[in-house]
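Source file: entry.cif (mmCIF, C-alpha atoms and all ligand atoms)
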data_coords
#
loop_
_atom_site.label_atom_id
_atom_site.label_comp_id
_atom_site.auth_asym_id
_atom_site.auth_seq_id
_atom_site.Cartn_x
_atom_site.Cartn_y
_atom_site.Cartn_z
CA MET A 1029 -4.45 1.41 34.85
CA PRO A 1030 -5.89 0.95 31.37
CA ALA A 1031 -3.55 1.95 28.59
CA THR A 1032 -6.20 4.11 26.98
CA VAL A 1033 -8.89 6.39 28.35
CA TYR A 1034 -12.19 6.01 26.57
CA ALA A 1035 -14.24 9.16 26.88
CA PRO A 1036 -18.03 9.02 26.37
CA GLY A 1037 -17.78 11.35 23.41
CA GLY A 1038 -16.19 8.56 21.45
CA LYS A 1039 -12.72 10.08 21.58
CA ILE A 1040 -9.69 8.06 22.55
CA GLU A 1041 -7.07 10.01 24.45
CA PRO A 1042 -3.62 9.20 23.08
CA PHE A 1043 -1.64 7.61 25.90
CA LEU A 1044 1.54 9.50 25.15
CA ASP A 1045 2.04 13.21 24.66
CA HIS A 1046 3.70 13.14 21.27
CA SER A 1047 4.59 16.80 21.34
CA ILE A 1048 7.41 15.83 23.72
CA THR A 1049 8.81 13.22 21.32
CA ARG A 1050 8.43 15.58 18.40
CA HIS A 1051 10.48 18.20 20.24
CA PHE A 1052 13.48 15.93 20.56
CA LEU A 1053 13.16 14.63 17.01
CA SER A 1054 12.50 17.91 15.26
CA ASP A 1055 15.10 20.04 13.51
CA ALA A 1056 14.17 22.99 15.71
CA GLY A 1057 15.37 22.03 19.19
CA GLY A 1058 16.13 18.49 18.12
CA LEU A 1059 19.19 16.57 19.18
CA ASP A 1060 21.99 16.18 16.69
CA GLN A 1061 23.06 12.64 15.91
CA GLY A 1062 26.82 13.04 16.13
CA GLY A 1063 27.25 12.76 12.39
CA LYS A 1064 25.47 9.40 12.17
CA ILE A 1065 22.21 8.58 10.45
CA ILE A 1066 19.43 6.17 11.37
CA ALA A 1067 18.16 3.65 8.82
CA GLU A 1068 14.76 2.07 9.54
CA TYR A 1069 14.67 -1.28 7.70
CA VAL A 1070 11.05 -2.06 6.75
CA TRP A 1071 9.71 -5.44 5.60
CA ILE A 1072 6.47 -7.35 5.13
CA GLY A 1073 5.65 -9.80 7.93
CA GLY A 1074 4.22 -13.30 7.95
CA SER A 1075 0.57 -12.43 7.29
CA GLY A 1076 1.64 -10.85 4.01
CA ALA A 1077 -0.10 -7.67 5.17
CA ASP A 1078 1.62 -6.63 8.40
CA LEU A 1079 4.65 -4.36 8.25
CA ARG A 1080 7.64 -4.74 10.52
CA SER A 1081 10.73 -2.57 10.99
CA LYS A 1082 13.85 -2.08 13.05
CA SER A 1083 16.56 0.54 13.13
CA ARG A 1084 20.30 0.66 12.82
CA THR A 1085 22.95 3.36 12.87
CA LEU A 1086 24.99 4.13 9.76
CA ASN A 1087 28.14 6.22 9.50
CA LYS A 1088 27.23 7.81 6.19
CA VAL A 1089 24.30 8.51 3.92
CA PRO A 1090 23.92 5.79 1.29
CA SER A 1091 23.21 6.85 -2.28
CA LYS A 1092 21.70 3.53 -3.44
CA PRO A 1093 20.28 0.36 -1.82
CA GLU A 1094 23.42 -1.61 -2.71
CA ASP A 1095 25.42 0.67 -0.41
CA LEU A 1096 23.42 -0.61 2.56
CA PRO A 1097 24.35 -3.72 4.53
CA THR A 1098 22.22 -6.84 4.24
CA TRP A 1099 20.67 -7.48 7.65
CA ASN A 1100 18.61 -10.18 9.32
CA TYR A 1101 15.76 -10.70 11.76
CA ASP A 1102 14.12 -13.36 13.88
CA GLY A 1103 11.62 -14.92 11.49
CA SER A 1104 10.12 -17.04 14.27
CA SER A 1105 8.69 -13.84 15.77
CA THR A 1106 6.96 -12.80 12.55
CA GLY A 1107 5.56 -16.19 11.53
CA GLN A 1108 8.16 -16.53 8.79
CA ALA A 1109 10.61 -19.15 10.07
CA PRO A 1110 10.74 -22.03 12.57
CA GLY A 1111 12.27 -21.29 15.99
CA GLU A 1112 15.19 -23.69 15.56
CA ASP A 1113 16.22 -22.07 12.24
CA SER A 1114 14.90 -18.58 12.65
CA GLU A 1115 17.28 -16.32 10.76
CA VAL A 1116 15.80 -14.45 7.79
CA TYR A 1117 17.90 -12.19 5.57
CA LEU A 1118 16.81 -8.66 4.75
CA VAL A 1119 18.00 -7.21 1.45
CA PRO A 1120 17.65 -3.42 1.02
CA ARG A 1121 15.73 -2.59 -2.18
CA ASN A 1122 14.50 0.99 -2.09
CA ILE A 1123 15.43 4.05 -0.04
CA PHE A 1124 13.03 6.77 1.16
CA ARG A 1125 13.57 9.75 3.47
CA ASP A 1126 12.30 9.24 7.01
CA PRO A 1127 9.51 11.78 7.63
CA PHE A 1128 9.29 10.88 11.32
CA ARG A 1129 12.93 11.39 12.28
CA GLY A 1130 13.66 13.95 9.55
CA GLY A 1131 17.17 15.08 8.71
CA ASP A 1132 19.22 12.62 6.65
CA ASN A 1133 17.57 9.61 8.27
CA ILE A 1134 16.06 7.04 5.95
CA LEU A 1135 13.40 4.35 5.57
CA VAL A 1136 14.68 1.31 3.73
CA LEU A 1137 12.23 -1.03 2.05
CA CYS A 1138 13.61 -4.59 2.11
CA ASP A 1139 12.60 -8.05 0.98
CA ALA A 1140 13.27 -11.30 2.82
CA TYR A 1141 15.36 -14.39 2.03
CA GLU A 1142 16.39 -17.69 3.54
CA PRO A 1143 20.03 -17.48 4.57
CA PRO A 1144 22.69 -19.18 2.45
CA ARG A 1145 23.10 -22.92 3.23
CA ALA A 1146 26.27 -25.02 3.26
CA LEU A 1147 26.03 -27.47 0.36
CA PRO A 1148 27.40 -31.06 0.38
CA ASP A 1149 30.09 -30.08 -2.14
CA GLY A 1150 31.50 -27.53 0.29
CA THR A 1151 30.11 -24.46 -1.46
CA VAL A 1152 27.37 -22.18 -0.16
CA SER A 1153 23.92 -21.81 -1.76
CA ASP A 1154 22.40 -18.57 -3.01
CA ILE A 1155 19.82 -16.89 -0.84
CA VAL A 1156 16.25 -17.76 -1.94
CA PRO A 1157 13.12 -15.67 -1.32
CA ILE A 1158 11.02 -16.84 1.65
CA PRO A 1159 7.45 -17.91 0.70
CA THR A 1160 5.90 -14.54 1.69
CA ASN A 1161 8.37 -12.60 -0.46
CA THR A 1162 6.10 -11.61 -3.36
CA ARG A 1163 8.48 -8.88 -4.48
CA ALA A 1164 11.08 -11.21 -5.99
CA ALA A 1165 8.71 -12.68 -8.60
CA CYS A 1166 7.31 -9.21 -9.32
CA ALA A 1167 10.79 -7.78 -9.87
CA GLU A 1168 11.53 -10.64 -12.28
CA ALA A 1169 8.38 -9.99 -14.33
CA MET A 1170 9.05 -6.24 -14.37
CA GLU A 1171 12.55 -6.87 -15.65
CA LYS A 1172 11.21 -9.05 -18.49
CA ALA A 1173 8.68 -6.35 -19.42
CA GLU A 1174 11.08 -3.45 -18.98
CA ALA A 1175 11.08 -2.45 -22.67
CA GLU A 1176 7.27 -2.05 -22.48
CA GLU A 1177 7.59 0.47 -19.63
CA PRO A 1178 4.59 -0.58 -17.49
CA TRP A 1179 3.19 2.25 -15.35
CA PHE A 1180 0.94 1.80 -12.33
CA GLY A 1181 -1.26 4.23 -10.42
CA ILE A 1182 -2.79 2.59 -7.35
CA GLU A 1183 -5.77 4.03 -5.44
CA GLN A 1184 -5.49 3.05 -1.81
CA GLU A 1185 -8.74 3.24 0.15
CA TYR A 1186 -8.64 2.76 3.92
CA THR A 1187 -10.86 3.18 6.95
CA LEU A 1188 -10.02 4.87 10.25
CA LEU A 1189 -11.17 2.99 13.33
CA ASN A 1190 -11.35 3.85 17.00
CA ALA A 1191 -8.43 1.74 18.24
CA LEU A 1192 -10.33 0.48 21.28
CA THR A 1193 -13.85 -0.15 19.98
CA LYS A 1194 -12.86 -0.98 16.36
CA TRP A 1195 -15.84 1.15 15.27
CA PRO A 1196 -15.21 3.80 12.57
CA LEU A 1197 -13.77 7.06 13.81
CA GLY A 1198 -16.39 9.68 14.59
CA TRP A 1199 -19.35 7.30 14.26
CA PRO A 1200 -21.86 7.38 17.13
CA ASP A 1201 -21.15 4.79 19.86
CA ASN A 1202 -23.16 1.64 19.08
CA GLY A 1203 -24.82 3.41 16.17
CA TYR A 1204 -24.57 4.62 12.63
CA PRO A 1205 -24.14 8.05 11.03
CA ALA A 1206 -26.59 9.40 8.44
CA PRO A 1207 -26.60 7.36 5.20
CA GLN A 1208 -23.93 7.79 2.53
CA GLY A 1209 -24.18 10.81 0.28
CA PRO A 1210 -22.61 13.82 1.97
CA TYR A 1211 -19.19 12.31 2.76
CA TYR A 1212 -17.34 11.77 -0.54
CA CYS A 1213 -14.84 14.64 -1.07
CA SER A 1214 -16.64 16.50 1.72
CA ALA A 1215 -15.70 19.33 4.06
CA GLY A 1216 -17.08 19.93 7.53
CA ALA A 1217 -17.29 18.42 10.99
CA GLY A 1218 -19.03 15.06 10.99
CA CYS A 1219 -18.40 14.69 7.25
CA ALA A 1220 -14.67 14.63 6.57
CA ILE A 1221 -13.69 12.60 9.62
CA GLY A 1222 -9.97 12.23 10.32
CA ARG A 1223 -8.63 14.65 7.74
CA ASP A 1224 -5.59 15.37 9.92
CA ILE A 1225 -4.42 11.81 9.30
CA ALA A 1226 -4.96 11.96 5.53
CA ASP A 1227 -3.17 15.29 5.34
CA VAL A 1228 -0.20 14.46 7.57
CA HIS A 1229 0.22 11.30 5.51
CA TYR A 1230 0.13 13.30 2.27
CA LYS A 1231 2.91 15.63 3.41
CA MET A 1232 4.98 12.84 4.88
CA CYS A 1233 4.81 10.82 1.65
CA LEU A 1234 5.97 13.84 -0.36
CA PHE A 1235 8.87 14.35 2.05
CA ALA A 1236 9.74 10.64 1.96
CA GLY A 1237 9.82 10.55 -1.83
CA VAL A 1238 6.76 8.32 -2.12
CA ASN A 1239 5.12 9.19 -5.45
CA ILE A 1240 1.75 10.13 -3.96
CA SER A 1241 -0.50 11.86 -6.48
CA GLY A 1242 -3.62 12.85 -4.53
CA VAL A 1243 -6.00 12.36 -1.61
CA ASN A 1244 -9.78 12.38 -1.22
CA ALA A 1245 -12.44 11.65 1.39
CA GLU A 1246 -14.47 8.58 0.44
CA VAL A 1247 -18.15 7.63 0.23
CA MET A 1248 -18.28 5.97 3.66
CA PRO A 1249 -17.59 8.35 6.56
CA ALA A 1250 -14.12 7.80 8.12
CA GLN A 1251 -12.96 6.26 4.85
CA TRP A 1252 -10.28 7.98 2.75
CA GLU A 1253 -8.26 7.36 -0.37
CA TYR A 1254 -4.84 8.33 -1.61
CA GLN A 1255 -3.27 7.55 -4.95
CA VAL A 1256 0.31 6.48 -5.59
CA GLY A 1257 1.66 6.80 -9.11
CA PRO A 1258 2.14 6.66 -11.92
CA CYS A 1259 5.15 4.55 -10.93
CA VAL A 1260 7.28 2.54 -13.34
CA GLY A 1261 7.58 -1.24 -12.85
CA ILE A 1262 8.57 -2.48 -9.40
CA ASP A 1263 8.29 1.04 -7.96
CA GLY A 1264 4.49 0.62 -8.03
CA GLY A 1265 4.70 -2.03 -5.32
CA ASP A 1266 7.60 -0.45 -3.43
CA HIS A 1267 5.99 2.97 -3.15
CA MET A 1268 2.62 1.52 -2.18
CA TRP A 1269 4.08 -0.62 0.61
CA MET A 1270 6.11 2.30 1.97
CA SER A 1271 3.03 4.55 1.89
CA ARG A 1272 1.22 1.97 4.03
CA TYR A 1273 4.11 1.80 6.50
CA ILE A 1274 3.97 5.59 6.88
CA MET A 1275 0.19 5.40 7.38
CA TYR A 1276 0.50 2.81 10.16
CA ARG A 1277 3.10 4.96 11.90
CA ILE A 1278 0.81 8.00 11.75
CA GLY A 1279 -1.92 5.82 13.24
CA GLU A 1280 0.41 5.26 16.23
CA ILE A 1281 0.78 9.00 16.78
CA PHE A 1282 -2.98 9.64 16.76
CA ASN A 1283 -3.79 6.28 18.38
CA VAL A 1284 -6.15 5.52 15.50
CA GLU A 1285 -6.33 2.12 13.83
CA VAL A 1286 -5.90 2.09 10.06
CA SER A 1287 -7.88 -0.72 8.43
CA PHE A 1288 -7.31 -2.00 4.92
CA ASP A 1289 -10.22 -4.44 5.20
CA PRO A 1290 -12.22 -4.59 1.92
CA LYS A 1291 -15.60 -4.33 3.68
CA PRO A 1292 -15.11 -2.97 7.20
CA ILE A 1293 -18.84 -2.40 7.84
CA PRO A 1294 -21.34 -4.87 6.38
CA GLY A 1295 -24.55 -3.58 4.82
CA ASP A 1296 -25.27 -0.42 2.91
CA TRP A 1297 -21.78 1.04 3.34
CA ASN A 1298 -19.15 1.19 0.62
CA GLY A 1299 -16.31 -1.28 0.79
CA ALA A 1300 -12.68 -0.29 0.32
CA GLY A 1301 -10.90 -0.92 -2.96
CA GLY A 1302 -7.43 -0.72 -4.39
CA HIS A 1303 -8.05 0.16 -8.06
CA VAL A 1304 -4.94 -0.27 -10.18
CA ASN A 1305 -4.55 2.08 -13.15
CA TYR A 1306 -2.27 0.55 -15.72
CA SER A 1307 -0.61 1.47 -18.99
CA ASN A 1308 2.36 0.47 -21.11
CA ASN A 1309 4.00 1.64 -24.35
CA ASP A 1310 1.34 -0.12 -26.44
CA THR A 1311 -1.66 1.43 -24.67
CA ARG A 1312 -0.05 4.87 -24.63
CA ALA A 1313 0.87 4.84 -28.34
CA ALA A 1314 -0.82 7.63 -30.28
CA GLY A 1315 -3.31 6.27 -32.79
CA THR A 1316 -3.00 2.56 -31.90
CA GLY A 1317 -3.44 2.77 -28.12
CA TRP A 1318 -7.18 2.17 -28.12
CA ASP A 1319 -6.84 -1.09 -30.06
CA ALA A 1320 -4.00 -2.23 -27.78
CA ILE A 1321 -6.20 -1.59 -24.74
CA LYS A 1322 -8.98 -3.73 -26.22
CA GLU A 1323 -6.51 -6.55 -26.99
CA GLN A 1324 -5.11 -6.46 -23.46
CA ILE A 1325 -8.60 -6.48 -21.93
CA ALA A 1326 -9.45 -9.58 -23.99
CA LYS A 1327 -6.40 -11.31 -22.44
CA LEU A 1328 -7.45 -10.19 -18.98
CA GLU A 1329 -10.95 -11.59 -19.51
CA LYS A 1330 -9.50 -15.06 -20.20
CA ARG A 1331 -7.54 -15.01 -16.93
CA HIS A 1332 -10.26 -13.42 -14.77
CA ALA A 1333 -10.35 -16.34 -12.32
CA VAL A 1334 -6.56 -16.33 -11.84
CA HIS A 1335 -6.52 -12.61 -11.12
CA ILE A 1336 -9.56 -12.53 -8.88
CA ALA A 1337 -8.13 -15.30 -6.68
CA SER A 1338 -5.13 -13.06 -5.86
CA TYR A 1339 -6.77 -9.65 -5.57
CA GLY A 1340 -7.11 -9.44 -1.77
CA GLU A 1341 -8.29 -11.46 1.22
CA GLY A 1342 -12.04 -11.10 1.80
CA ASN A 1343 -12.65 -9.38 -1.54
CA GLU A 1344 -15.82 -11.49 -1.96
CA ARG A 1345 -17.43 -9.39 0.80
CA ARG A 1346 -16.81 -6.29 -1.35
CA LEU A 1347 -17.29 -7.36 -4.99
CA THR A 1348 -21.04 -7.83 -4.83
CA GLY A 1349 -22.06 -5.81 -7.88
CA LYS A 1350 -23.37 -3.06 -5.59
CA HIS A 1351 -21.65 0.06 -4.21
CA GLU A 1352 -19.70 0.88 -7.40
CA THR A 1353 -18.30 -2.64 -7.79
CA SER A 1354 -18.63 -5.41 -10.34
CA SER A 1355 -19.65 -8.93 -9.37
CA MET A 1356 -16.78 -11.27 -8.62
CA GLU A 1357 -18.34 -13.99 -10.81
CA SER A 1358 -18.18 -12.18 -14.14
CA PHE A 1359 -15.75 -10.07 -16.12
CA SER A 1360 -16.94 -6.83 -17.70
CA TRP A 1361 -15.43 -3.67 -19.10
CA GLY A 1362 -16.72 -0.30 -20.19
CA VAL A 1363 -15.92 3.34 -20.82
CA ALA A 1364 -16.55 5.51 -17.76
CA ASN A 1365 -18.61 2.73 -16.11
CA ARG A 1366 -17.79 2.26 -12.41
CA GLY A 1367 -19.76 -0.98 -12.18
CA CYS A 1368 -17.27 -2.84 -14.42
CA SER A 1369 -14.22 -5.01 -13.72
CA ILE A 1370 -12.18 -2.75 -16.01
CA ARG A 1371 -12.92 0.91 -16.70
CA VAL A 1372 -11.34 2.61 -19.71
CA GLY A 1373 -10.97 6.28 -20.41
CA ARG A 1374 -11.34 6.76 -24.13
CA MET A 1375 -8.58 9.36 -24.52
CA THR A 1376 -6.24 8.56 -21.63
CA GLY A 1377 -4.05 5.67 -22.85
CA TYR A 1378 -4.54 3.67 -19.64
CA TYR A 1379 -7.22 1.56 -18.04
CA GLU A 1380 -8.34 0.88 -14.50
CA ASP A 1381 -8.60 -2.58 -12.97
CA ARG A 1382 -11.32 -2.02 -10.38
CA ARG A 1383 -11.27 -5.56 -8.99
CA PRO A 1384 -8.41 -5.40 -6.44
CA ALA A 1385 -9.41 -4.88 -2.81
CA SER A 1386 -7.89 -2.30 -0.48
CA ASN A 1387 -5.71 -5.04 1.06
CA LEU A 1388 -4.22 -6.00 -2.31
CA ASP A 1389 -0.59 -7.01 -2.44
CA PRO A 1390 0.60 -4.57 -5.12
CA TYR A 1391 3.53 -6.86 -5.97
CA VAL A 1392 1.08 -9.65 -6.85
CA VAL A 1393 -1.42 -7.50 -8.75
CA THR A 1394 1.14 -5.57 -10.81
CA ARG A 1395 2.96 -8.81 -11.63
CA LEU A 1396 -0.26 -10.48 -12.82
CA LEU A 1397 -1.19 -7.48 -14.97
CA VAL A 1398 2.20 -7.50 -16.67
CA GLU A 1399 2.27 -11.29 -17.10
CA THR A 1400 -1.23 -11.50 -18.57
CA THR A 1401 -1.00 -8.50 -20.89
CA LEU A 1402 2.66 -8.51 -21.95
CA LEU A 1403 4.41 -11.79 -21.15
CA MET A 1404 1.96 -14.48 -22.34
P1 LIG A 1501 -10.48 7.56 -10.17
O1 LIG A 1501 -11.11 8.46 -11.18
O2 LIG A 1501 -10.72 6.11 -10.49
O3 LIG A 1501 -10.86 7.89 -8.77
P2 LIG A 1501 -7.83 8.52 -9.41
O4 LIG A 1501 -7.68 9.92 -9.88
O5 LIG A 1501 -8.12 8.31 -7.97
O6 LIG A 1501 -8.90 7.77 -10.35
O7 LIG A 1501 -6.48 7.69 -9.70
C1 LIG A 1501 -5.93 7.60 -10.96
C2 LIG A 1501 -4.51 7.09 -10.86
O8 LIG A 1501 -4.03 6.77 -12.15
C3 LIG A 1501 -3.52 8.08 -10.27
O9 LIG A 1501 -2.69 7.44 -9.34
C4 LIG A 1501 -2.68 8.50 -11.48
O10 LIG A 1501 -1.38 8.84 -11.14
C5 LIG A 1501 -2.70 7.22 -12.29
N1 LIG A 1501 -2.39 7.39 -13.72
C6 LIG A 1501 -2.53 8.50 -14.49
N2 LIG A 1501 -2.10 8.27 -15.74
C7 LIG A 1501 -1.67 6.99 -15.78
C8 LIG A 1501 -1.11 6.15 -16.80
N3 LIG A 1501 -0.90 6.60 -18.04
N4 LIG A 1501 -0.78 4.88 -16.48
C9 LIG A 1501 -1.00 4.41 -15.24
N5 LIG A 1501 -1.53 5.14 -14.25
C10 LIG A 1501 -1.86 6.41 -14.50
MN MN A 1502 17.57 -9.21 20.40
MN MN A 1503 -9.84 7.47 -6.99
MN MN A 1504 -12.18 5.69 -4.39
MN MN A 1505 -10.73 4.37 -9.27
#

Could I get this file's structure written as structure tokens?
Ligand code: ADP
Ligand code: MN
Ligand code: MN
Ligand code: MN
Ligand code: MN
Amino acid sequence: MPATVYAPGGKIEPFLDHSITRHFLSDAGGLDQGGKIIAEYVWIGGSGADLRSKSRTLNKVPSKPEDLPTWNYDGSSTGQAPGEDSEVYLVPRNIFRDPFRGGDNILVLCDAYEPPRALPDGTVSDIVPIPTNTRAACAEAMEKAEAEEPWFGIEQEYTLLNALTKWPLGWPDNGYPAPQGPYYCSAGAGCAIGRDIADVHYKMCLFAGVNISGVNAEVMPAQWEYQVGPCVGIDGGDHMWMSRYIMYRIGEIFNVEVSFDPKPIPGDWNGAGGHVNYSNNDTRAAGTGWDAIKEQIAKLEKRHAVHIASYGEGNERRLTGKHETSSMESFSWGVANRGCSIRVGRMTGYYEDRRPASNLDPYVVTRLLVETTLLM
């Protein structure tokens, strides 16, 4: 028996009836938990893009991450540790409400560390971040720049794919829909494909406490965007990663694959970006903000190569200079120009780095922005 039933209409039948699960999990008719709560510990896996999680029972609701126990996992199963020394430590960093289980249950964003080691002098070493832990360095930079109050608003574009065929949701089998034009911010069957997913995600993020600020259908059919922010400092990365975890989990329910690839369909179809809108006390200052923005952009121009190398795997397939992108090779900026590396709004006090791809690591990009503009 195949796990999925592929109907000729291009629809994948989910292989589980989720209304049954939802009944037992919901507040109405749901099962009580005997006074306990469930914490889902979430972390970034070995590819630097996959998200992993596991659950544990707690006796009471924690009020801050420090109230939660440090935990561990088998790093050899996530490509993050050798089999003979596989233990990786999970340190709770940020707590969200769990929109899947509801109630007082929580999602806990964690980062990962090598366990403490016995030292020759009989003491025990500190835990150190594992190589794929990009949060630790980001948190350090954000702490140094704290007085500047960096804010981030990240635009997450993504593409919905038929989980079996890997072809965009709602596209004709072995074919293409009508050319781009009618889809961006659209309404209507065949135009706004997969809105249920975008909308369920929106509500779930609000419930969870993810600082989601909007949603829109994108230029390519089956492509959507949501924005997270403005978030202060490390929250930019934390909220973005948790929003992605929630999106993957919704994909499970609908049996739809969520792709963060920067150019899912080659050719005359828009790629997927992860624009990062950025401001700090200097850029937001009345009167002097515009000059501060120009100074910061001059610093960014000098470090273009450093930034572009860390702005997402496969970004060269997207940053071609076409489809509302700038070329990867050159740095440019402009007011209201969507073909630039950096777009500035004259009156807004922030600017938009349009270079990051949809699969950006927000910890890396927000750290680089702060380092280049405030810490060098
Ligand atoms: P676009 O016009 O490029 O599509 P969006 O409206 O999709 O822009 O996203 C803009 C993002 O910028 C939002 O996430 C918003 O919260 C964020 N933002 C707004 N003001 C600021 C600010 N002062 N600093 C940083 N980000 C901001
Ligand atoms: Mn086990
Ligand atoms: Mn946008
Ligand atoms: Mn967009
Ligand atoms: Mn944008």

Using all atoms listed in the file, the shortest atom-to-atom distance to His1332 of chain A among A:Arg1371, A:Arg1346, A:Arg1383, A:Lys1092 belongs to A:Arg1383

- Query: Residues at most 12 Å from Met1375 of chain A, counting all atoms listed in the file, excluding those fewer than 4 positions away in the same chain, as a VMD selection string?
  - Reply: chain A and resid 1311 to 1319 1321 1363 to 1364 1379

Rows by chain and residue number, chain A within 10 Å of ligand MN 1503 (chain A), shortest pair, all atoms listed in the file, as a tab-separated table:
residue	atom	partner	partner_atom	distance
A:Gly1181	CA	A:MN1503	MN	9.8
A:Ile1182	CA	A:MN1503	MN	8.6
A:Glu1183	CA	A:MN1503	MN	5.5
A:Gln1184	CA	A:MN1503	MN	8.1
A:Glu1185	CA	A:MN1503	MN	8.4
A:Gly1242	CA	A:MN1503	MN	8.6
A:Val1243	CA	A:MN1503	MN	8.2
A:Asn1244	CA	A:MN1503	MN	7.6
A:Ala1245	CA	A:MN1503	MN	9.7
A:Glu1246	CA	A:MN1503	MN	8.8
A:Trp1252	CA	A:MN1503	MN	9.8
A:Glu1253	CA	A:MN1503	MN	6.8
A:Tyr1254	CA	A:MN1503	MN	7.4
A:Gln1255	CA	A:MN1503	MN	6.9
A:Gly1301	CA	A:MN1503	MN	9.4
A:Gly1302	CA	A:MN1503	MN	8.9
A:His1303	CA	A:MN1503	MN	7.6
A:Val1304	CA	A:MN1503	MN	9.7
A:Asn1305	CA	A:MN1503	MN	9.7

TODO: Pick out the residues sitting within 7 Å of Phe1235 of chain A, and hand them over as a ChimeraX atom specification; count only C-alpha atoms, and ignore anything fewer than 3 positions along from it in its own chain.
DONE: /A:1125,1127,1231-1232

File of the preceding selection, C-alpha atoms, as a PDB file, keeping the file's coordinate frame:
ATOM      1  CA  ARG A1125      13.570   9.750   3.470  1.00  0.00           C
ATOM      2  CA  PRO A1127       9.510  11.780   7.630  1.00  0.00           C
ATOM      3  CA  LYS A1231       2.910  15.630   3.410  1.00  0.00           C
ATOM      4  CA  MET A1232       4.980  12.840   4.880  1.00  0.00           C
TER       5      MET A1232
END

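Take the candidates A:Ala1169, A:Val1238, A:Ile1155, A:Ile1066 and check each one against ligand LIG 1501 (chain A) using all atoms listed in the file; the shortest distance goes to A:Val1238.
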
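Interatomic distance, atom CA of Gly1209 of chain A to atom CA of Leu1347 of chain A: 20.1 Å.
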
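The residue that comes closest to Thr1348 of chain A, out of A:Leu1147, A:Val1398, A:Met1248, A:Cys1368 and on the basis of only C-alpha atoms, is A:Cys1368.
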
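Going from atom CA of Ala1164 of chain A to atom CA of Ile1072 of chain A covers 12.6 Å.
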
List as a CSV table (one decimal) with C-alpha atoms, in the frame of the given file: which residues have an atom within 8 Å of (18.6, 0.2, -2.5), counting only C-alpha atoms?
chain,number,residue,atom,x,y,z
A,1092,LYS,CA,21.7,3.5,-3.4
A,1093,PRO,CA,20.3,0.4,-1.8
A,1094,GLU,CA,23.4,-1.6,-2.7
A,1095,ASP,CA,25.4,0.7,-0.4
A,1096,LEU,CA,23.4,-0.6,2.6
A,1120,PRO,CA,17.6,-3.4,1.0
A,1121,ARG,CA,15.7,-2.6,-2.2
A,1122,ASN,CA,14.5,1.0,-2.1
A,1123,ILE,CA,15.4,4.0,0.0
A,1136,VAL,CA,14.7,1.3,3.7
A,1137,LEU,CA,12.2,-1.0,2.0

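A straight line drawn from atom C3 of ligand LIG 1501 (chain A) to atom CA of Gly1257 of chain A is 5.5 Å long.
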
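Compared by their closest atoms to ligand MN 1505 (chain A), and using only C-alpha atoms and all ligand atoms, the residues A:Leu1059, A:Ile1262, A:Val1119, A:Val1256 rank with A:Val1256 nearest.
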
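Minimum atom-to-atom distances from A:Arg1080, A:Lys1291, A:Lys1172, A:Lys1064 to Arg1277 of chain A were compared using all atoms listed in the file, and the lowest value belongs to A:Arg1080.
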
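Here the question is which of A:Asp1078, A:Glu1352, A:Asp1102, A:Asp1113 gets nearest to ligand MN 1504 (chain A) using all atoms listed in the file, and that residue is A:Glu1352.
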
- prompt: Need the neighbours of (22.8, 6.0, 15.5): which residues are at most 10 Å away, counting all atoms listed in the file, as a PyMOL selection string?
  reply: chain A and resi 1061-1067+1083-1087+1133

For those residues, write C-alpha atoms to a file as a JSON list (two decimals), keeping the file's coordinate frame.
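Everything below was put into selection.json:
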[["chain", "number", "residue", "atom", "x", "y", "z"],
["A", 1061, "GLN", "CA", 23.06, 12.64, 15.91],
["A", 1062, "GLY", "CA", 26.82, 13.04, 16.13],
["A", 1063, "GLY", "CA", 27.25, 12.76, 12.39],
["A", 1064, "LYS", "CA", 25.47, 9.40, 12.17],
["A", 1065, "ILE", "CA", 22.21, 8.58, 10.45],
["A", 1066, "ILE", "CA", 19.43, 6.17, 11.37],
["A", 1067, "ALA", "CA", 18.16, 3.65, 8.82],
["A", 1083, "SER", "CA", 16.56, 0.54, 13.13],
["A", 1084, "ARG", "CA", 20.30, 0.66, 12.82],
["A", 1085, "THR", "CA", 22.95, 3.36, 12.87],
["A", 1086, "LEU", "CA", 24.99, 4.13, 9.76],
["A", 1087, "ASN", "CA", 28.14, 6.22, 9.50],
["A", 1133, "ASN", "CA", 17.57, 9.61, 8.27]]

| said: So that I can see what lies close to Phe1288 of chain A, please list as JSON, numbers by chain the residues with an atom at most 7 Å from it, counting all atoms listed in the file and leaving out residues fewer than 5 positions away in the same chain. | reply: {"A": [1186, 1187, 1386, 1387]}

Worksheet item: Quick one: residues within 10 Å of Tyr1204 of chain A, all atoms listed in the file counted, chain neighbours fewer than 5 positions away excluded, as a ChimeraX atom specification?
Response: /A:1195-1196,1198-1199,1249
